[in-house]
Number of protein chains: 2
Amino acid sequence: MKHLRILTYVAEVARHGAIRRAAERLNITPSALTRQIQDIEYELGTPIFERVAQGMRLNAAGELLVRHIRDQRADLERVRSQIADLSGVRRGHVALACSQAFVNHVVPDEVEAYRALFPQVTFTVQVRDHVQAVAALTQFEADLALVLQPPPSADMQVLFACRQTLCALMRAGHPLAAETGPVRLRDCLVHPMAVPDRSLAIRHHLDDALARRGTPLNAVIESSSLEFLRNLVLREDAVSLQVPSGIPDDPRLRFRPIDARDLPPMSLILAQLRGRTLPVATAKFADRFAGSLHQRYGAQGP
Amino acid sequence: MKHLRILTYVAEVARHGAIRRAAERLNITPSALTRQIQDIEYELGTPIFERVAQGMRLNAAGELLVRHIRDQRADLERVRSQIADLSGVRRGHVALACSQAFVNHVVPDEVEAYRALFPQVTFTVQVRDHVQAVAALTQFEADLALVLQPPPSADMQVLFACRQTLCALMRAGHPLAAETGPVRLRDCLVHPMAVPDRSLAIRHHLDDALARRGTPLNAVIESSSLEFLRNLVLREDAVSLQVPSGIPDDPRLRFRPIDARDLPPMSLILAQLRGRTLPVATAKFADRFAGSLHQRYGAQGP
DNA sequence: TGGGCCGTTGCGATTTCGGAAACAGGAGCC
DNA sequence: GGCTCCTGTTTCCGAAATCGCAACGGCCCA
């Protein structure tokens, strides 16, 4: 590093105890060297070498300075090595904003798998609704966003997209759980509904569909917490609406997809900020994540 | 020091997030600056800034480098101070962040006393709230922090700690000034209160205590300036709440401690950044300061 | 669709740095 | 004392790094 040049001069003079020998080692002339030493001594306001007939001896101030130079060089080397690590995939930080539906197993599974490979990579996972997630991208608060039904935005560059069919969720033993396969929405609506509130994309999607049909919604319980709704469904014969990727693997829970005639599938999007070059570790994670989502849910052109 | 010039450039660009603003601060042109940055990035083999439309953002590598730069500068300052100490004259600089309560006499007295001994030592005193003061330490904007009730932080190394009892402050002639000794909080609350606002630790402390009792606060005046509150108290029969160390020696003012049953005492902390070796001048000042505080307020294990 | 802000580039001027040689002083030796 | 050999230092000059100026292209926002 260029800025250490002068300090290297000092160290070399100290090592050899003579300007001429140090100059030879450094491939410069003694004149250049003596001037640099004088400059430093002027800046420090005190000599750092004792001039003796045999050459230059460090004085006490010089000893302190040389130790500092050595420390400083070692620390810079450490930083360089850390930076070199960064440009690989071994180190780095991934900031992910995701919808609540994915905190259950999609994101944890993926983070765990990636950290098993690269334990030096750290993560920040923020739960945001579909609007705020996009905002997090544009404000550099997140590198990646995994969201349901995000509002269309030119700032977003889609890395993976697929469809998620909304499912009716109930406990085992619920009348609707007697059968499997698609269920009609009207068959759900006769039961007490425990639905996400308007802070969640699922609810917007549902309201849109119902409004088109003029069907009223019989919402007994609404909540901003999908986890709360699931816990409620376990306690009474209510029906909730959730996406499969948000439903935990619990033997007490059953879910059946809503018939596509009643509710179009929602879009699941993994995106980054358009035009941004992500750090290597983050880009690599995004790649693997997209691949893994593809394997889980199949493709759908971005 | 000359060799830090380029590193200073990096730090300044990082601080301002833009080359042009940084160039203005450094009194050079943007072109010179952009070239230096590019040189460093070439030397490191990787960009340290992410170019965005609004300017320059540090990337992970840049974060590492900037932290190194800060450390390096602090260490050089320490060495310079040690060297100066060798030659007998102690010189150096002390950067102190303190709560507003101490600008009245605690800090000025101490600075004056120290400068009487070592006139070559210069001081920077920044007034920060208890949260920002800790941040100033971690960002190397301050060497020492003297604060009331700081949030617990692993980065802080406590050099001195004691308790400060909150006092009711009123003018001479106020009904409460008729007696001396502890006063109950409820006896204060019947008067118009002129209290610090929520930017000050005193108010947080007060709110906590009142919330626990469900007592409402009748805040006629609130201000972020303790000095303003004192001046107000001089003009009308209001009661303020301040710590003794912040109350000036003014014959027109009276203060009585709040009974410990109503308000627990607050903690007064002198701290530095953990693990940092302070320059000689700063360390000596910190020693003397801790001793002086001990003498004033008695000890209390850190 | 301009205006304003951003970083970047080419080029000429300036400052800094390094090289060659001469200078000054001390140590060892005859 | 004089000579030699070493040391660091100074002077002058050319080379190289650095900087300032003006212009360019991209982006955002009104």
# chains A, B, ... in the order shown; residues from 1 in each chain; ligands from 1
call {"tool": "interface_residues", "arguments": {"of": "chain A", "to": "chain D", "cutoff": "12 Å", "atoms": "only C-alpha atoms (C1' of nucleotides)", "output": "PyMOL selection string"}}
result
chain A and resi 2+17-21+30-35+37-38+49-56+275
call {"tool": "calpha_fit_rmsd", "arguments": {"fixed": "chain B", "moving": "chain A"}}
result
15.8 Å
call {"tool": "select_by_dssp", "arguments": {"residues": "stretch 41-216 of chain A", "states": "strand (DSSP E)", "output": "mmCIF file with all heavy atoms, in the first residue's frame"}}
result
data_model
loop_
_atom_site.group_PDB
_atom_site.id
_atom_site.type_symbol
_atom_site.label_atom_id
_atom_site.label_comp_id
_atom_site.auth_asym_id
_atom_site.auth_seq_id
_atom_site.Cartn_x
_atom_site.Cartn_y
_atom_site.Cartn_z
ATOM 1 N N PHE A 49 15.660 9.310 15.609
ATOM 2 C CA PHE A 49 16.932 8.594 15.541
ATOM 3 C C PHE A 49 17.998 9.421 16.225
ATOM 4 O O PHE A 49 17.962 10.652 16.233
ATOM 5 C CB PHE A 49 17.351 8.345 14.080
ATOM 6 C CG PHE A 49 16.530 7.292 13.390
ATOM 7 C CD1 PHE A 49 15.503 7.643 12.523
ATOM 8 C CD2 PHE A 49 16.807 5.950 13.606
ATOM 9 C CE1 PHE A 49 14.760 6.675 11.889
ATOM 10 C CE2 PHE A 49 16.060 4.974 12.962
ATOM 11 C CZ PHE A 49 15.034 5.334 12.105
ATOM 12 N N GLU A 50 18.926 8.702 16.772
ATOM 13 C CA GLU A 50 20.106 9.321 17.359
ATOM 14 C C GLU A 50 21.218 9.158 16.335
ATOM 15 O O GLU A 50 21.489 8.039 15.892
ATOM 16 C CB GLU A 50 20.422 8.565 18.648
ATOM 17 C CG GLU A 50 21.497 9.128 19.514
ATOM 18 C CD GLU A 50 21.692 8.209 20.721
ATOM 19 O OE1 GLU A 50 20.763 7.407 20.996
ATOM 20 O OE2 GLU A 50 22.730 8.292 21.370
ATOM 21 N N ARG A 51 21.821 10.264 15.910
ATOM 22 C CA ARG A 51 22.872 10.159 14.902
ATOM 23 C C ARG A 51 24.188 9.831 15.581
ATOM 24 O O ARG A 51 24.683 10.622 16.399
ATOM 25 C CB ARG A 51 23.015 11.483 14.142
ATOM 26 C CG ARG A 51 22.125 11.618 12.925
ATOM 27 C CD ARG A 51 20.690 11.850 13.301
ATOM 28 N NE ARG A 51 19.839 12.191 12.134
ATOM 29 C CZ ARG A 51 18.538 12.260 12.203
ATOM 30 N NH1 ARG A 51 17.909 12.012 13.346
ATOM 31 N NH2 ARG A 51 17.848 12.565 11.125
ATOM 32 N N VAL A 52 24.735 8.713 15.274
ATOM 33 C CA VAL A 52 26.051 8.348 15.780
ATOM 34 C C VAL A 52 26.974 8.154 14.587
ATOM 35 O O VAL A 52 26.509 8.081 13.438
ATOM 36 C CB VAL A 52 25.986 7.059 16.628
ATOM 37 C CG1 VAL A 52 25.138 7.294 17.859
ATOM 38 C CG2 VAL A 52 25.429 5.907 15.808
ATOM 39 N N GLY A 55 26.129 5.422 12.305
ATOM 40 C CA GLY A 55 24.851 5.417 11.585
ATOM 41 C C GLY A 55 23.714 5.977 12.415
ATOM 42 O O GLY A 55 23.864 6.983 13.099
ATOM 43 N N MET A 56 22.568 5.324 12.369
ATOM 44 C CA MET A 56 21.359 5.827 13.036
ATOM 45 C C MET A 56 20.903 4.827 14.094
ATOM 46 O O MET A 56 20.744 3.641 13.815
ATOM 47 C CB MET A 56 20.226 6.000 12.008
ATOM 48 C CG MET A 56 20.620 6.733 10.735
ATOM 49 S SD MET A 56 20.553 8.507 10.895
ATOM 50 C CE MET A 56 18.830 8.832 10.547
ATOM 51 N N ARG A 57 20.650 5.345 15.294
ATOM 52 C CA ARG A 57 20.104 4.509 16.362
ATOM 53 C C ARG A 57 18.732 5.039 16.749
ATOM 54 O O ARG A 57 18.577 6.237 16.963
ATOM 55 C CB ARG A 57 21.004 4.589 17.592
ATOM 56 C CG ARG A 57 22.137 3.601 17.642
ATOM 57 C CD ARG A 57 22.883 3.779 18.963
ATOM 58 N NE ARG A 57 22.000 3.471 20.110
ATOM 59 C CZ ARG A 57 21.787 2.223 20.526
ATOM 60 N NH1 ARG A 57 22.370 1.216 19.908
ATOM 61 N NH2 ARG A 57 21.015 2.003 21.551
ATOM 62 N N LEU A 58 17.785 4.138 16.877
ATOM 63 C CA LEU A 58 16.471 4.570 17.345
ATOM 64 C C LEU A 58 16.581 5.143 18.749
ATOM 65 O O LEU A 58 17.290 4.580 19.587
ATOM 66 C CB LEU A 58 15.509 3.377 17.394
ATOM 67 C CG LEU A 58 14.851 2.939 16.091
ATOM 68 C CD1 LEU A 58 14.005 1.706 16.347
ATOM 69 C CD2 LEU A 58 13.982 4.059 15.551
ATOM 70 N N GLY A 92 -19.414 -12.208 4.344
ATOM 71 C CA GLY A 92 -20.339 -11.220 3.825
ATOM 72 C C GLY A 92 -21.595 -11.192 4.660
ATOM 73 O O GLY A 92 -21.709 -11.888 5.664
ATOM 74 N N HIS A 93 -22.505 -10.358 4.239
ATOM 75 C CA HIS A 93 -23.747 -10.207 4.973
ATOM 76 C C HIS A 93 -24.905 -10.148 3.981
ATOM 77 O O HIS A 93 -24.783 -9.527 2.930
ATOM 78 C CB HIS A 93 -23.730 -8.936 5.816
ATOM 79 C CG HIS A 93 -24.923 -8.819 6.710
ATOM 80 N ND1 HIS A 93 -25.025 -9.515 7.887
ATOM 81 C CD2 HIS A 93 -26.071 -8.123 6.574
ATOM 82 C CE1 HIS A 93 -26.196 -9.235 8.449
ATOM 83 N NE2 HIS A 93 -26.841 -8.389 7.671
ATOM 84 N N VAL A 94 -25.978 -10.817 4.333
ATOM 85 C CA VAL A 94 -27.165 -10.818 3.488
ATOM 86 C C VAL A 94 -28.302 -10.204 4.277
ATOM 87 O O VAL A 94 -28.601 -10.650 5.383
ATOM 88 C CB VAL A 94 -27.538 -12.250 3.054
ATOM 89 C CG1 VAL A 94 -28.770 -12.227 2.175
ATOM 90 C CG2 VAL A 94 -26.376 -12.928 2.349
ATOM 91 N N ALA A 95 -28.887 -9.147 3.726
ATOM 92 C CA ALA A 95 -30.054 -8.542 4.362
ATOM 93 C C ALA A 95 -31.278 -8.881 3.515
ATOM 94 O O ALA A 95 -31.350 -8.513 2.351
ATOM 95 C CB ALA A 95 -29.885 -7.030 4.475
ATOM 96 N N LEU A 96 -32.208 -9.606 4.125
ATOM 97 C CA LEU A 96 -33.371 -10.107 3.394
ATOM 98 C C LEU A 96 -34.640 -9.559 4.025
ATOM 99 O O LEU A 96 -34.804 -9.593 5.242
ATOM 100 C CB LEU A 96 -33.373 -11.646 3.449
ATOM 101 C CG LEU A 96 -34.587 -12.376 2.890
ATOM 102 C CD1 LEU A 96 -34.642 -12.236 1.376
ATOM 103 C CD2 LEU A 96 -34.545 -13.848 3.287
ATOM 104 N N ALA A 97 -35.508 -9.023 3.194
ATOM 105 C CA ALA A 97 -36.838 -8.640 3.666
ATOM 106 C C ALA A 97 -37.813 -9.658 3.119
ATOM 107 O O ALA A 97 -37.776 -9.974 1.924
ATOM 108 C CB ALA A 97 -37.199 -7.237 3.177
ATOM 109 N N CYS A 98 -38.675 -10.205 3.966
ATOM 110 C CA CYS A 98 -39.594 -11.215 3.452
ATOM 111 C C CYS A 98 -40.971 -11.073 4.074
ATOM 112 O O CYS A 98 -41.142 -10.483 5.134
ATOM 113 C CB CYS A 98 -39.051 -12.625 3.698
ATOM 114 S SG CYS A 98 -39.114 -13.167 5.388
ATOM 115 N N VAL A 121 -20.840 -16.139 6.702
ATOM 116 C CA VAL A 121 -21.841 -15.237 6.134
ATOM 117 C C VAL A 121 -22.937 -15.010 7.169
ATOM 118 O O VAL A 121 -23.462 -15.954 7.750
ATOM 119 C CB VAL A 121 -22.431 -15.823 4.841
ATOM 120 C CG1 VAL A 121 -23.541 -14.936 4.316
ATOM 121 C CG2 VAL A 121 -21.337 -15.993 3.805
ATOM 122 N N THR A 122 -23.246 -13.739 7.404
ATOM 123 C CA THR A 122 -24.258 -13.414 8.412
ATOM 124 C C THR A 122 -25.527 -12.918 7.721
ATOM 125 O O THR A 122 -25.490 -12.494 6.568
ATOM 126 C CB THR A 122 -23.735 -12.336 9.371
ATOM 127 O OG1 THR A 122 -23.328 -11.204 8.596
ATOM 128 C CG2 THR A 122 -22.540 -12.853 10.142
ATOM 129 N N PHE A 123 -26.618 -12.961 8.464
ATOM 130 C CA PHE A 123 -27.915 -12.648 7.871
ATOM 131 C C PHE A 123 -28.701 -11.666 8.715
ATOM 132 O O PHE A 123 -28.614 -11.687 9.945
ATOM 133 C CB PHE A 123 -28.754 -13.923 7.723
ATOM 134 C CG PHE A 123 -28.318 -14.806 6.596
ATOM 135 C CD1 PHE A 123 -27.241 -15.669 6.751
ATOM 136 C CD2 PHE A 123 -28.967 -14.765 5.374
ATOM 137 C CE1 PHE A 123 -26.830 -16.479 5.707
ATOM 138 C CE2 PHE A 123 -28.566 -15.566 4.329
ATOM 139 C CZ PHE A 123 -27.486 -16.423 4.492
ATOM 140 N N THR A 124 -29.448 -10.824 8.041
ATOM 141 C CA THR A 124 -30.490 -10.047 8.692
ATOM 142 C C THR A 124 -31.792 -10.362 7.972
ATOM 143 O O THR A 124 -31.852 -10.238 6.756
ATOM 144 C CB THR A 124 -30.232 -8.546 8.563
ATOM 145 O OG1 THR A 124 -28.947 -8.245 9.079
ATOM 146 C CG2 THR A 124 -31.280 -7.751 9.311
ATOM 147 N N VAL A 125 -32.789 -10.780 8.709
ATOM 148 C CA VAL A 125 -34.083 -11.100 8.091
ATOM 149 C C VAL A 125 -35.141 -10.191 8.701
ATOM 150 O O VAL A 125 -35.407 -10.257 9.904
ATOM 151 C CB VAL A 125 -34.460 -12.572 8.301
ATOM 152 C CG1 VAL A 125 -35.828 -12.851 7.710
ATOM 153 C CG2 VAL A 125 -33.422 -13.484 7.676
ATOM 154 N N GLN A 126 -35.688 -9.314 7.884
ATOM 155 C CA GLN A 126 -36.738 -8.424 8.358
ATOM 156 C C GLN A 126 -38.070 -8.871 7.786
ATOM 157 O O GLN A 126 -38.164 -9.152 6.595
ATOM 158 C CB GLN A 126 -36.489 -6.992 7.881
ATOM 159 C CG GLN A 126 -35.184 -6.396 8.352
ATOM 160 C CD GLN A 126 -34.967 -5.053 7.710
ATOM 161 O OE1 GLN A 126 -34.884 -4.947 6.491
ATOM 162 N NE2 GLN A 126 -34.887 -4.023 8.525
ATOM 163 N N VAL A 127 -39.090 -8.920 8.634
ATOM 164 C CA VAL A 127 -40.429 -9.251 8.141
ATOM 165 C C VAL A 127 -41.125 -7.953 7.742
ATOM 166 O O VAL A 127 -41.259 -7.032 8.555
ATOM 167 C CB VAL A 127 -41.247 -9.989 9.204
ATOM 168 C CG1 VAL A 127 -42.657 -10.220 8.710
ATOM 169 C CG2 VAL A 127 -40.579 -11.307 9.541
ATOM 170 N N LEU A 144 -32.199 -8.297 -0.652
ATOM 171 C CA LEU A 144 -33.122 -9.183 -1.349
ATOM 172 C C LEU A 144 -34.494 -9.086 -0.691
ATOM 173 O O LEU A 144 -34.599 -8.795 0.498
ATOM 174 C CB LEU A 144 -32.636 -10.631 -1.259
ATOM 175 C CG LEU A 144 -31.270 -10.950 -1.867
ATOM 176 C CD1 LEU A 144 -30.848 -12.369 -1.506
ATOM 177 C CD2 LEU A 144 -31.320 -10.778 -3.382
ATOM 178 N N ALA A 145 -35.519 -9.364 -1.475
ATOM 179 C CA ALA A 145 -36.866 -9.406 -0.921
ATOM 180 C C ALA A 145 -37.577 -10.645 -1.427
ATOM 181 O O ALA A 145 -37.497 -10.962 -2.614
ATOM 182 C CB ALA A 145 -37.651 -8.150 -1.308
ATOM 183 N N LEU A 146 -38.219 -11.340 -0.521
ATOM 184 C CA LEU A 146 -39.029 -12.505 -0.888
ATOM 185 C C LEU A 146 -40.445 -12.209 -0.449
ATOM 186 O O LEU A 146 -40.734 -12.176 0.756
ATOM 187 C CB LEU A 146 -38.510 -13.766 -0.189
ATOM 188 C CG LEU A 146 -39.285 -15.045 -0.514
ATOM 189 C CD1 LEU A 146 -39.048 -15.473 -1.947
ATOM 190 C CD2 LEU A 146 -38.917 -16.163 0.459
ATOM 191 N N VAL A 147 -41.315 -11.937 -1.411
ATOM 192 C CA VAL A 147 -42.639 -11.429 -1.052
ATOM 193 C C VAL A 147 -43.744 -12.069 -1.874
ATOM 194 O O VAL A 147 -43.512 -12.568 -2.973
ATOM 195 C CB VAL A 147 -42.723 -9.902 -1.257
ATOM 196 C CG1 VAL A 147 -42.142 -9.162 -0.081
ATOM 197 C CG2 VAL A 147 -42.049 -9.498 -2.541
ATOM 198 N N LEU A 148 -44.931 -12.026 -1.303
ATOM 199 C CA LEU A 148 -46.128 -12.448 -2.003
ATOM 200 C C LEU A 148 -46.732 -11.236 -2.687
ATOM 201 O O LEU A 148 -46.874 -10.169 -2.066
ATOM 202 C CB LEU A 148 -47.146 -13.010 -1.016
ATOM 203 C CG LEU A 148 -46.929 -14.445 -0.545
ATOM 204 C CD1 LEU A 148 -47.969 -14.779 0.514
ATOM 205 C CD2 LEU A 148 -47.012 -15.416 -1.716
ATOM 206 N N MET A 156 -37.740 -3.025 -9.015
ATOM 207 C CA MET A 156 -37.499 -4.413 -8.640
ATOM 208 C C MET A 156 -37.002 -5.229 -9.814
ATOM 209 O O MET A 156 -37.568 -5.174 -10.902
ATOM 210 C CB MET A 156 -38.799 -5.030 -8.124
ATOM 211 C CG MET A 156 -38.976 -4.898 -6.645
ATOM 212 S SD MET A 156 -40.379 -5.852 -6.062
ATOM 213 C CE MET A 156 -40.829 -6.816 -7.462
ATOM 214 N N GLN A 157 -35.960 -5.996 -9.572
ATOM 215 C CA GLN A 157 -35.508 -6.937 -10.585
ATOM 216 C C GLN A 157 -35.803 -8.334 -10.070
ATOM 217 O O GLN A 157 -35.252 -8.768 -9.052
ATOM 218 C CB GLN A 157 -34.011 -6.750 -10.834
ATOM 219 C CG GLN A 157 -33.466 -7.726 -11.847
ATOM 220 C CD GLN A 157 -31.989 -7.449 -12.109
ATOM 221 O OE1 GLN A 157 -31.518 -6.336 -11.859
ATOM 222 N NE2 GLN A 157 -31.278 -8.444 -12.589
ATOM 223 N N VAL A 158 -36.671 -9.043 -10.792
ATOM 224 C CA VAL A 158 -37.150 -10.335 -10.308
ATOM 225 C C VAL A 158 -36.099 -11.411 -10.556
ATOM 226 O O VAL A 158 -35.598 -11.565 -11.665
ATOM 227 C CB VAL A 158 -38.465 -10.709 -11.012
ATOM 228 C CG1 VAL A 158 -38.883 -12.123 -10.615
ATOM 229 C CG2 VAL A 158 -39.540 -9.709 -10.636
ATOM 230 N N LEU A 159 -35.737 -12.119 -9.496
ATOM 231 C CA LEU A 159 -34.749 -13.193 -9.627
ATOM 232 C C LEU A 159 -35.429 -14.551 -9.725
ATOM 233 O O LEU A 159 -34.868 -15.497 -10.261
ATOM 234 C CB LEU A 159 -33.821 -13.179 -8.413
ATOM 235 C CG LEU A 159 -33.088 -11.856 -8.171
ATOM 236 C CD1 LEU A 159 -32.288 -11.912 -6.879
ATOM 237 C CD2 LEU A 159 -32.174 -11.540 -9.345
ATOM 238 N N PHE A 160 -36.645 -14.636 -9.178
ATOM 239 C CA PHE A 160 -37.410 -15.879 -9.274
ATOM 240 C C PHE A 160 -38.874 -15.548 -9.051
ATOM 241 O O PHE A 160 -39.195 -14.667 -8.256
ATOM 242 C CB PHE A 160 -36.947 -16.884 -8.208
ATOM 243 C CG PHE A 160 -37.833 -18.103 -8.132
ATOM 244 C CD1 PHE A 160 -37.655 -19.152 -9.025
ATOM 245 C CD2 PHE A 160 -38.843 -18.180 -7.191
ATOM 246 C CE1 PHE A 160 -38.478 -20.266 -8.967
ATOM 247 C CE2 PHE A 160 -39.664 -19.283 -7.118
ATOM 248 C CZ PHE A 160 -39.479 -20.330 -8.020
ATOM 249 N N ALA A 161 -39.718 -16.239 -9.758
ATOM 250 C CA ALA A 161 -41.155 -16.020 -9.582
ATOM 251 C C ALA A 161 -41.882 -17.336 -9.749
ATOM 252 O O ALA A 161 -41.502 -18.170 -10.579
ATOM 253 C CB ALA A 161 -41.677 -15.000 -10.591
ATOM 254 N N CYS A 162 -42.919 -17.550 -8.954
ATOM 255 C CA CYS A 162 -43.785 -18.711 -9.181
ATOM 256 C C CYS A 162 -45.164 -18.382 -8.624
ATOM 257 O O CYS A 162 -45.411 -17.289 -8.120
ATOM 258 C CB CYS A 162 -43.219 -19.971 -8.532
ATOM 259 S SG CYS A 162 -43.290 -19.955 -6.749
ATOM 260 N N ARG A 163 -46.043 -19.325 -8.752
ATOM 261 C CA ARG A 163 -47.415 -19.128 -8.285
ATOM 262 C C ARG A 163 -47.629 -19.887 -6.999
ATOM 263 O O ARG A 163 -47.134 -20.999 -6.843
ATOM 264 C CB ARG A 163 -48.411 -19.646 -9.337
ATOM 265 C CG ARG A 163 -48.297 -18.961 -10.677
ATOM 266 C CD ARG A 163 -48.773 -17.544 -10.549
ATOM 267 N NE ARG A 163 -48.659 -16.837 -11.831
ATOM 268 C CZ ARG A 163 -48.926 -15.550 -11.963
ATOM 269 N NH1 ARG A 163 -49.307 -14.841 -10.920
ATOM 270 N NH2 ARG A 163 -48.793 -14.971 -13.134
ATOM 271 N N GLN A 164 -48.372 -19.298 -6.097
ATOM 272 C CA GLN A 164 -48.749 -19.974 -4.858
ATOM 273 C C GLN A 164 -50.267 -19.967 -4.768
ATOM 274 O O GLN A 164 -50.906 -18.915 -4.830
ATOM 275 C CB GLN A 164 -48.174 -19.228 -3.654
ATOM 276 C CG GLN A 164 -46.687 -19.431 -3.462
ATOM 277 C CD GLN A 164 -46.386 -20.586 -2.516
ATOM 278 O OE1 GLN A 164 -46.751 -20.564 -1.357
ATOM 279 N NE2 GLN A 164 -45.739 -21.613 -3.060
ATOM 280 N N CYS A 167 -54.566 -21.693 0.299
ATOM 281 C CA CYS A 167 -55.141 -22.922 0.832
ATOM 282 C C CYS A 167 -56.047 -22.628 2.025
ATOM 283 O O CYS A 167 -55.774 -21.715 2.808
ATOM 284 C CB CYS A 167 -54.043 -23.880 1.298
ATOM 285 S SG CYS A 167 -53.075 -24.541 -0.056
ATOM 286 N N ALA A 168 -57.085 -23.440 2.099
ATOM 287 C CA ALA A 168 -57.898 -23.403 3.315
ATOM 288 C C ALA A 168 -57.170 -24.224 4.364
ATOM 289 O O ALA A 168 -56.725 -25.340 4.095
ATOM 290 C CB ALA A 168 -59.271 -24.005 3.029
ATOM 291 N N LEU A 169 -57.062 -23.647 5.565
ATOM 292 C CA LEU A 169 -56.295 -24.313 6.628
ATOM 293 C C LEU A 169 -57.226 -24.601 7.788
ATOM 294 O O LEU A 169 -57.947 -23.722 8.264
ATOM 295 C CB LEU A 169 -55.154 -23.385 7.077
ATOM 296 C CG LEU A 169 -54.272 -23.890 8.209
ATOM 297 C CD1 LEU A 169 -53.368 -25.008 7.713
ATOM 298 C CD2 LEU A 169 -53.452 -22.748 8.788
ATOM 299 N N MET A 170 -57.235 -25.868 8.224
ATOM 300 C CA MET A 170 -58.085 -26.195 9.378
ATOM 301 C C MET A 170 -57.407 -27.300 10.174
ATOM 302 O O MET A 170 -56.424 -27.881 9.738
ATOM 303 C CB MET A 170 -59.480 -26.659 8.932
ATOM 304 C CG MET A 170 -59.463 -27.726 7.876
ATOM 305 S SD MET A 170 -59.481 -26.999 6.193
ATOM 306 C CE MET A 170 -59.003 -28.420 5.219
ATOM 307 N N ARG A 171 -57.973 -27.575 11.338
ATOM 308 C CA ARG A 171 -57.362 -28.647 12.125
ATOM 309 C C ARG A 171 -57.882 -29.997 11.641
ATOM 310 O O ARG A 171 -58.937 -30.095 11.012
ATOM 311 C CB ARG A 171 -57.672 -28.443 13.605
ATOM 312 C CG ARG A 171 -59.143 -28.484 13.968
ATOM 313 C CD ARG A 171 -59.279 -28.413 15.474
ATOM 314 N NE ARG A 171 -60.667 -28.171 15.884
ATOM 315 C CZ ARG A 171 -61.016 -27.963 17.160
ATOM 316 N NH1 ARG A 171 -60.099 -27.969 18.112
ATOM 317 N NH2 ARG A 171 -62.279 -27.745 17.480
ATOM 318 N N MET A 193 -64.418 -17.836 9.716
ATOM 319 C CA MET A 193 -63.142 -17.609 9.041
ATOM 320 C C MET A 193 -62.171 -16.883 9.965
ATOM 321 O O MET A 193 -62.522 -15.903 10.624
ATOM 322 C CB MET A 193 -63.345 -16.769 7.781
ATOM 323 C CG MET A 193 -64.228 -17.411 6.729
ATOM 324 S SD MET A 193 -63.502 -18.925 6.024
ATOM 325 C CE MET A 193 -62.167 -18.238 5.056
ATOM 326 N N ALA A 194 -60.944 -17.359 9.977
ATOM 327 C CA ALA A 194 -59.852 -16.686 10.707
ATOM 328 C C ALA A 194 -58.840 -16.238 9.662
ATOM 329 O O ALA A 194 -58.016 -17.020 9.209
ATOM 330 C CB ALA A 194 -59.212 -17.643 11.714
ATOM 331 N N VAL A 195 -58.953 -14.972 9.251
ATOM 332 C CA VAL A 195 -58.188 -14.532 8.074
ATOM 333 C C VAL A 195 -57.147 -13.469 8.429
ATOM 334 O O VAL A 195 -57.291 -12.757 9.426
ATOM 335 C CB VAL A 195 -59.149 -13.949 7.001
ATOM 336 C CG1 VAL A 195 -60.046 -15.049 6.462
ATOM 337 C CG2 VAL A 195 -59.953 -12.811 7.574
ATOM 338 N N PRO A 196 -56.129 -13.393 7.621
ATOM 339 C CA PRO A 196 -55.141 -12.324 7.794
ATOM 340 C C PRO A 196 -55.801 -10.961 7.661
ATOM 341 O O PRO A 196 -56.798 -10.809 6.951
ATOM 342 C CB PRO A 196 -54.166 -12.555 6.633
ATOM 343 C CG PRO A 196 -54.363 -13.972 6.224
ATOM 344 C CD PRO A 196 -55.789 -14.293 6.503
#
call {"tool": "select_by_dssp", "arguments": {"residues": "stretch 68-190 of chain A", "states": "alpha helix (DSSP H)", "output": "ChimeraX atom specification"}}
result
/A:68-87,106-117,130-138,185-189
call {"tool": "interface_residues", "arguments": {"of": "chain A", "to": "chain B", "cutoff": "8 Å", "atoms": "only C-alpha atoms", "output": "number ranges by chain"}}
result
A: 1, 3-4, 6, 43-44, 60-61, 64-65, 68, 72, 75-76, 79-80, 82-83, 86-87, 92-93, 279
call {"tool": "interface_residues", "arguments": {"of": "chain C", "to": "chain A", "cutoff": "12 Å", "atoms": "only C-alpha atoms (C1' of nucleotides)", "output": "PyMOL selection string"}}
result
chain C and resi 16-21+25-28
call {"tool": "atom_distance", "arguments": {"atom1": "atom CA of B:Ser199", "atom2": "atom CA of B:Pro182"}}
result
26.5 Å
call {"tool": "residues_around", "arguments": {"residues": "B:Thr277", "least_positions_apart": "5", "cutoff": "10 Å", "atoms": "only C-alpha atoms (C1' of nucleotides)", "output": "PyMOL selection string"}}
result
chain B and resi 74-75+78+143+272+282-283
